[in-house]
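Q: Once you've had a glance at the structure underneath, I'll fire off some questions.
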Amino acid sequence: MSERVKTLIALDAGVDRETVQTALPEGSDIQVVALVDGLEESWTALQETAIDLVVVACGGYSERTLVFIDGVVKQRADRPVVVLCESSPNGFVRRVFEAGADDIITLPETPGNVLFALEKAVARKHGSSAATGVALAPMICVLGPKGGTGKTLTSCNLGVSLAQDDHKVTIVDLDLQFGDVGLALGLSPQRTIYDLVKAGGSLDAEKVEGYLVEHSSGVRVLMAPTRPDQATAITVEFLRSVYASLRAANDFVVVDTPPGFTPEVIASIDSSSHVCMVGMLDSLSLKNTKLGLETLELMGYERDRVQVLLNRADSRVGISADEVAAIIGTKPDILVPSDREIPVSVNEGTPVVAARGRSEAARAFRSLAENYLAGETAPSTNGRRSLLRRKK
Ligand SMILES: Nc1ncnc2c1ncn2[C@@H]1O[C@H](COP(=O)(O)OP(=O)(O)OP(=O)(O)O)[C@@H](O)[C@H]1O
Ligand SMILES: [Mg+2]
């Protein structure tokens, strides 16, 4: 590590400050810029200072610590979090990792060993992107509370639109049981995410690349397992590592999700920088879209990071734009009409943006891609990378 790693040490109530201080390495690249008593105070300090590494110290099992880790990870998924714990009772270690921490060290421990663990967490988390100073690429999670609303259609057309604009794009098929991105793009599942998890070992960008299948548009796909029973092998921790690797090696990552807010979908939303909420233009579907948007709000996802797409949005449905806004609480960003070319293009395995570029549906999906490309360029307050127009 050549650059100093600005580190915040957050002390939970009940942990012995001296035990923690004795374990901290001195004279290394790990630069402790703040040692803060209390997790609430630490959270405030974290908002005010640029921090590269968060170390949380607790006495033993602590729900407060778990909530704190969860918040820190949600705020910036690419920043490592390490836990120092005076004792690690049953179940706590697992919960710490589930909350998104990178490592847990039981105290007392020598400063040398603590330093090694901290450096390992930083190196692993940042991978090649830290070495080159390259920020993580935007990751767009395509969501819809109900089945059949057009999520896969949107993911594929968005991915291909971005690729047509010369960006390096990977689509992840997170519909782990019934994924059909491969079908929609006419790709056969030579390699899938299941093969990647079964390969074991550490996940770096180069390894993940080997499991992607390429479409003629240049979009690469991490395909869903070929059998539904294989889905259980894909854990939330594994997904987090896959996303980190993909975001370090692509210009855009698009995630196609199954309906609803499953644990995998929630983890993907947490790891993503942007969301596309796909709904349909009927009152039942609009109600679900509203619920989905409210769920995102509860998760702390700001509206400006969400694009709302209404599919099958024809004027003859009899719901006006104002009525839509009144039901879902916001104006939709993109309207995609019903178009018989869409099922034809799905059957051909070529998305409409590639097969029928002049159709109204293709234009709508291109606008969606443009909205993501035209995102603001200032660094975002929540640490998520903003959308910079960046060519391959
Ligand atoms: N605007 C449209 N016009 C015509 N057909 C459409 C349109 N949108 C979607 N379809 C058709 O509806 C079907 C379902 O779309 P899609 O697979 O994208 O939905 P989904 O939300 O991914 O479903 P699931 O929840 O099952 O994954 C597709 O076969 C597609 O051809
Ligand atoms: Mg789908």
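Residue names in the structure tokens use chain letters A, B, ... in the order shown, residue numbers from 1 in each chain, and ligand numbers from 1 in the order shown.
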Do you have, as a tab-separated table, the list of residues of stretch 78-117 of chain A lying at most 12 Å from stretch 249-273 of chain A, each with its nearest atom pair and that distance in Å to one decimal, counting only C-alpha atoms and ordered by chain then number?

A:
residue	atom	partner	partner_atom	distance
A:Asp78	CA	A:Ser271	CA	8.7
A:Arg79	CA	A:Ser271	CA	11.5
A:Glu98	CA	A:Ala267	CA	10.1
A:Ala99	CA	A:Ala267	CA	10.1
A:Gly100	CA	A:Ala267	CA	9.7

Q: Restricted to C-alpha atoms, what would the selected residues look like written as a CSV table (one decimal), in the first residue's frame?

A:
chain,number,residue,atom,x,y,z
A,78,ASP,CA,-16.6,-0.2,-1.6
A,79,ARG,CA,-15.1,0.9,1.8
A,98,GLU,CA,-24.0,-10.8,7.1
A,99,ALA,CA,-24.0,-7.1,8.0
A,100,GLY,CA,-21.3,-6.7,5.4

Q: Kindly compile the residues surrounding ligand 2 within 8 Å, counting only C-alpha atoms and all ligand atoms, and format them as JSON, numbers by chain.

A: {"A": [147, 148, 150, 151, 152, 153, 175, 178, 179, 180, 181, 256, 257, 258, 259]}

Q: Give me the residues near A:Leu246 as a list in words, where near means some atom within 8 Å (using only C-alpha atoms) and where sequence neighbours in that chain fewer than 5 positions away do not count.

A: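 Final neighbour list, sorted by chain and number: Thr170, Ala205, Val208 and Val253 of chain A.
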
Q: Considering only C-alpha atoms, return as a list in words whatever protein or nucleic-acid residues lie within 9 Å of A:Gly14, sequence-local ones (same chain, fewer than 2 positions apart) excluded.

A: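 What passes the distance filter is Leu11, Asp12, Asp16, Arg17, Cys58, Gly59 and Gly60 of chain A.
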
Q: Mind checking which residues fall within 12 Å of A:Asp52, counting only C-alpha atoms, ignoring those fewer than 5 positions away in the same chain, and posting them as a ChimeraX atom specification?

A: /A:3-9,29-34,46,72,76-82,118-119,121-123,125-126,130,383

Q: Show which residues sit within 6 Å of stretch 189-200 of chain A, as a PyMOL selection string. Count only C-alpha atoms, and ignore same-chain residues fewer than 6 positions away.

A: chain A and resi 211+223-225

Q: Can you work out the spacing between atom CA of A:Arg340 and atom 4 (C, counted along the ligand's line) of ligand 1 in Å, to one decimal?

A: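 Between these atoms lies a distance of 5.2 Å.
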